[in-house]
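**Student:** One file is attached below, input.cif, containing mmCIF, C-alpha atoms.
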data_model
loop_
_atom_site.group_PDB
_atom_site.id
_atom_site.type_symbol
_atom_site.label_atom_id
_atom_site.label_comp_id
_atom_site.auth_asym_id
_atom_site.auth_seq_id
_atom_site.Cartn_x
_atom_site.Cartn_y
_atom_site.Cartn_z
ATOM 1 C CA MET S 27 52.769 3.756 7.417
ATOM 2 C CA LYS S 28 53.871 2.591 10.852
ATOM 3 C CA ARG S 29 50.894 4.323 12.432
ATOM 4 C CA LEU S 30 48.400 3.355 9.765
ATOM 5 C CA ILE S 31 48.695 -0.414 10.256
ATOM 6 C CA PRO S 32 48.034 -0.348 14.057
ATOM 7 C CA LEU S 33 45.147 2.067 13.447
ATOM 8 C CA ILE S 34 43.558 -0.280 10.922
ATOM 9 C CA ILE S 35 44.062 -3.226 13.285
ATOM 10 C CA CYS S 36 42.438 -1.266 16.151
ATOM 11 C CA LEU S 37 39.499 -0.281 13.943
ATOM 12 C CA PHE S 38 39.080 -3.903 12.864
ATOM 13 C CA ILE S 39 39.111 -5.081 16.513
ATOM 14 C CA VAL S 40 36.600 -2.405 17.546
ATOM 15 C CA ALA S 41 34.326 -3.332 14.640
ATOM 16 C CA GLN S 42 34.466 -6.997 15.603
ATOM 17 C CA VAL S 43 33.785 -6.318 19.289
ATOM 18 C CA LYS S 44 30.951 -3.911 18.471
ATOM 19 C CA SER S 45 29.286 -6.457 16.201
ATOM 20 C CA GLN S 46 29.250 -9.202 18.835
ATOM 21 C CA PRO S 47 25.739 -10.237 19.875
ATOM 22 C CA SER S 48 24.664 -9.265 23.358
ATOM 23 C CA LEU S 49 24.762 -12.049 25.934
ATOM 24 C CA ILE S 50 21.882 -10.470 27.829
ATOM 25 C CA PRO S 51 18.631 -11.165 25.971
ATOM 26 C CA GLU S 52 16.206 -8.307 25.487
ATOM 27 C CA LYS S 53 13.198 -8.642 27.758
ATOM 28 C CA ASP S 54 9.810 -7.614 26.478
ATOM 29 C CA ALA S 55 6.854 -6.016 28.243
ATOM 30 C CA ALA S 56 5.148 -9.362 28.903
ATOM 31 C CA TYR S 57 8.162 -10.559 30.916
ATOM 32 C CA TYR S 58 8.082 -7.515 33.201
ATOM 33 C CA LEU S 59 4.296 -7.703 33.555
ATOM 34 C CA GLN S 60 4.482 -11.372 34.587
ATOM 35 C CA LYS S 61 7.296 -10.579 37.019
ATOM 36 C CA SER S 62 5.194 -7.758 38.495
ATOM 37 C CA THR S 63 2.239 -10.090 38.949
ATOM 38 C CA ASN S 64 4.393 -12.752 40.618
ATOM 39 C CA LEU S 65 5.934 -10.220 43.007
ATOM 40 C CA LYS S 66 2.525 -8.820 43.920
ATOM 41 C CA ILE S 67 1.153 -12.309 44.649
ATOM 42 C CA GLY S 68 4.237 -13.085 46.725
ATOM 43 C CA GLY S 69 3.819 -9.817 48.603
ATOM 44 C CA TRP S 70 0.215 -10.611 49.495
ATOM 45 C CA ILE S 71 1.193 -14.116 50.642
ATOM 46 C CA VAL S 72 3.996 -12.800 52.865
ATOM 47 C CA LEU S 73 1.775 -10.023 54.256
ATOM 48 C CA SER S 74 -1.118 -12.357 55.070
ATOM 49 C CA GLY S 75 1.267 -14.916 56.591
ATOM 50 C CA GLY S 76 2.843 -12.260 58.815
ATOM 51 C CA LEU S 77 -0.540 -10.995 59.943
ATOM 52 C CA ALA S 78 -1.700 -14.558 60.662
ATOM 53 C CA ILE S 79 1.394 -15.189 62.815
ATOM 54 C CA ALA S 80 0.796 -11.904 64.665
ATOM 55 C CA ALA S 81 -2.872 -12.773 65.224
ATOM 56 C CA ALA S 82 -1.959 -16.215 66.556
ATOM 57 C CA GLY S 83 0.555 -14.622 68.924
ATOM 58 C CA GLY S 84 -2.091 -12.169 70.082
ATOM 59 C CA LEU S 85 -4.500 -15.020 70.808
ATOM 60 C CA ILE S 86 -1.820 -16.896 72.760
ATOM 61 C CA GLN S 87 -1.042 -13.792 74.780
ATOM 62 C CA LEU S 88 -4.747 -13.128 75.422
ATOM 63 C CA HIS S 89 -5.281 -16.730 76.573
ATOM 64 C CA ASP S 90 -2.303 -16.519 78.944
ATOM 65 C CA TYR S 91 -3.517 -13.226 80.368
ATOM 66 C CA ILE S 92 -7.070 -14.525 80.962
ATOM 67 C CA ALA S 93 -5.719 -17.687 82.604
ATOM 68 C CA TRP S 94 -3.434 -15.615 84.836
ATOM 69 C CA LYS S 95 -6.213 -13.192 85.753
ATOM 70 C CA ASN S 96 -8.677 -15.974 86.668
ATOM 71 C CA ASP S 97 -6.101 -17.749 88.845
ATOM 72 C CA THR S 98 -5.194 -14.875 91.167
ATOM 73 C CA GLU S 99 -6.074 -16.840 94.318
ATOM 74 C CA THR S 100 -3.423 -19.531 93.979
ATOM 75 C CA TRP S 101 -0.939 -17.637 91.797
ATOM 76 C CA ALA S 102 0.015 -20.956 90.279
ATOM 77 C CA ILE S 103 0.225 -19.460 86.778
ATOM 78 C CA THR S 104 2.713 -16.662 86.333
ATOM 79 C CA PRO S 105 2.132 -14.235 83.477
ATOM 80 C CA ASP S 106 4.580 -14.892 80.669
ATOM 81 C CA PHE S 107 4.974 -13.152 77.356
ATOM 82 C CA ARG S 108 5.398 -16.041 74.955
ATOM 83 C CA GLY S 109 2.674 -14.689 72.651
ATOM 84 C CA LEU S 110 4.459 -11.371 72.400
ATOM 85 C CA GLY S 111 7.338 -13.027 70.537
ATOM 86 C CA PHE S 112 4.921 -14.312 67.905
ATOM 87 C CA VAL S 113 3.351 -10.868 67.574
ATOM 88 C CA ILE S 114 6.743 -9.244 67.002
ATOM 89 C CA ALA S 115 7.851 -11.965 64.553
ATOM 90 C CA GLY S 116 4.578 -11.691 62.620
ATOM 91 C CA GLY S 117 4.925 -7.925 62.443
ATOM 92 C CA CYS S 118 8.466 -8.242 61.097
ATOM 93 C CA VAL S 119 7.316 -10.728 58.448
ATOM 94 C CA ALA S 120 4.461 -8.400 57.466
ATOM 95 C CA VAL S 121 6.859 -5.460 57.125
ATOM 96 C CA ALA S 122 9.154 -7.649 54.999
ATOM 97 C CA SER S 123 6.431 -7.762 52.325
ATOM 98 C CA THR S 124 6.918 -4.048 51.555
ATOM 99 C CA PRO S 125 9.888 -4.494 49.158
ATOM 100 C CA LEU S 126 7.905 -7.067 47.194
ATOM 101 C CA PHE S 127 5.135 -4.548 46.575
ATOM 102 C CA ILE S 128 7.650 -1.825 45.700
ATOM 103 C CA PHE S 129 9.490 -3.962 43.131
ATOM 104 C CA SER S 130 6.149 -5.113 41.741
ATOM 105 C CA GLY S 131 5.371 -1.497 40.919
ATOM 106 C CA VAL S 132 8.842 -0.979 39.455
ATOM 107 C CA ASN S 133 8.401 -3.927 37.098
ATOM 108 C CA LYS S 134 4.905 -2.806 36.151
ATOM 109 C CA ARG S 135 6.289 0.583 35.138
ATOM 110 C CA LYS S 136 8.956 -1.193 33.088
ATOM 111 C CA SER S 137 6.241 -3.099 31.238
ATOM 112 C CA MET S 138 4.637 0.095 30.006
ATOM 113 C CA SER S 139 5.583 0.621 26.424
ATOM 114 C CA PHE S 140 6.281 3.901 24.719
ATOM 115 C CA SER S 141 5.990 4.393 20.998
ATOM 116 C CA PHE S 142 6.438 7.213 18.548
ATOM 117 C CA ASN S 143 3.936 7.150 15.712
ATOM 118 C CA ARG S 144 2.762 9.312 12.874
ATOM 119 C CA GLN S 145 -0.938 10.036 12.575
ATOM 120 C CA LYS S 146 -2.688 11.234 9.498
ATOM 121 C CA VAL S 147 -4.710 14.384 10.139
ATOM 122 C CA VAL S 148 -7.118 15.963 7.692
ATOM 123 C CA LEU S 149 -6.725 19.740 7.526
ATOM 124 C CA PHE S 150 -9.637 21.738 6.171
ATOM 125 C CA ASP S 151 -8.840 24.826 4.224
ATOM 126 C CA GLN S 152 -11.155 27.336 2.570
ATOM 127 C CA THR S 153 -10.731 25.889 -0.881
ATOM 128 C CA ALA S 154 -10.006 22.213 -0.246
ATOM 129 C CA PHE S 155 -8.797 19.792 2.344
ATOM 130 C CA SER S 156 -5.391 18.206 2.649
ATOM 131 C CA GLN S 157 -3.872 15.421 4.647
ATOM 132 C CA GLN S 158 -0.792 15.854 6.743
ATOM 133 C CA TRP S 159 1.220 13.431 8.847
ATOM 134 C CA ILE S 160 1.814 14.662 12.405
ATOM 135 C CA PRO S 161 4.238 12.889 14.741
ATOM 136 C CA SER S 162 2.639 11.606 17.912
ATOM 137 C CA PHE S 163 3.730 10.009 21.155
ATOM 138 C CA SER S 164 1.689 7.197 22.641
ATOM 139 C CA LEU S 165 1.935 5.475 25.980
ATOM 140 C CA MET S 166 0.345 2.079 26.306
ATOM 141 C CA VAL S 167 -0.297 0.950 29.863
ATOM 142 C CA LYS S 168 -1.092 -2.721 30.298
ATOM 143 C CA LEU S 169 -3.209 -3.275 33.387
#
Go through the file and emit its structure as structure tokens.

**Tutor:**
Amino acid sequence: MKRLIPLIICLFIVAQVKSQPSLIPEKDAAYYLQKSTNLKIGGWIVLSGGLAIAAAGGLIQLHDYIAWKNDTETWAITPDFRGLGFVIAGGCVAVASTPLFIFSGVNKRKSMSFSFNRQKVVLFDQTAFSQQWIPSFSLMVKL
């Protein structure tokens, strides 16, 4: 009897804890598809911004080089590499867009839904035909 009462109390506690609602809401396929779309748009924005910064740095560097090359008689302009910093920064920003594209694909794969169904199939026999339910697996990909 001494062991039965604590066992019943433990079972009651476990039943109560197990029946508690989850604090994390279930997310459906539309949530993951929207998240994938947002990450992909963000990735394209970051990639195009990084490439624009790199292109601007390249133009600055090209302008400085042409000005230095045309002024070789007086050597008043010394060649500097201020455009190179923009090129490197733009390249780093463009590379930083890679995780956004990767997680966009991860969320798109999460939005795919699997389902197990039963399909009715007509089987023809020599004397008559019959219907039989066959289990099937379907994968719905939302593009």

**Student:** Hey, what comes out of the PyMOL selection byres ((chain S and resi 84) around 8) on this file? Could you write it as a CSV table (one decimal) with C-alpha atoms, in the frame of the given file?

**Tutor:**
chain,number,residue,atom,x,y,z
S,80,ALA,CA,0.8,-11.9,64.7
S,81,ALA,CA,-2.9,-12.8,65.2
S,82,ALA,CA,-2.0,-16.2,66.6
S,83,GLY,CA,0.6,-14.6,68.9
S,85,LEU,CA,-4.5,-15.0,70.8
S,86,ILE,CA,-1.8,-16.9,72.8
S,87,GLN,CA,-1.0,-13.8,74.8
S,88,LEU,CA,-4.7,-13.1,75.4
S,109,GLY,CA,2.7,-14.7,72.7
S,110,LEU,CA,4.5,-11.4,72.4
S,112,PHE,CA,4.9,-14.3,67.9
S,113,VAL,CA,3.4,-10.9,67.6

**Student:** Mind pulling up the distance from atom CA of S:Gly131 to atom CA of S:Tyr57?

**Tutor:** 13.8 Å

**Student:** Skipping near chain neighbours, those fewer than 6 positions away, what residues fall within 9 Å of stretch 122-125 of chain S using all atoms listed in the file, listed as a ChimeraX atom specification?

**Tutor:** /S:68-73,76

**Student:** Any chance you could resolve the PyMOL selection byres ((chain S and resi 55) around 9) against this file and give the residues as a list in words?

**Tutor:**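 Applied to this file, the PyMOL selection byres ((chain S and resi 55) around 9) returns Lys53, Asp54, Ala56, Tyr57, Tyr58, Leu59, Gln60, Lys134, Lys136, Ser137, Met138, Ser139 and Lys168 of chain S.
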
**Student:** Could you tell me how far atom CA of S:Ser74 lies from atom CA of S:Ile92, in Å and to one decimal?

**Tutor:**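 Atom CA of S:Ser74 sits 26.7 Å away from atom CA of S:Ile92.
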
**Student:** What gap, in Å, lies between atom CA of S:Asp90 and atom CA of S:Asp106?

**Tutor:**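 Distance between the two atoms: 7.3 Å.
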
**Student:** Of the residues S:Ile79, S:Leu33, S:Val148, S:Val132, which is the one nearest to S:Ile114, using all atoms listed in the file?

**Tutor:**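 Among the listed residues, the smallest separation from S:Ile114 belongs to S:Ile79.
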
**Student:** Quick one: of S:Leu126, S:Ala120, S:Gln158, S:His89, who's nearest to S:Arg108, counting only C-alpha atoms?

**Tutor:** S:His89

**Student:** Which is closer to S:Ser130 than all the others in S:Ser62, S:Phe107, S:Arg29, S:Ile34, using only C-alpha atoms?

**Tutor:**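 The shortest atom-to-atom distance to S:Ser130 comes from S:Ser62.
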
**Student:** Out of S:Pro161, S:Gly75, S:Ala93, S:Asn133, which residue has the shortest atom-to-atom distance to S:Lys146 when counting all atoms listed in the file?

**Tutor:**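 Among the listed residues, the smallest separation from S:Lys146 belongs to S:Pro161.
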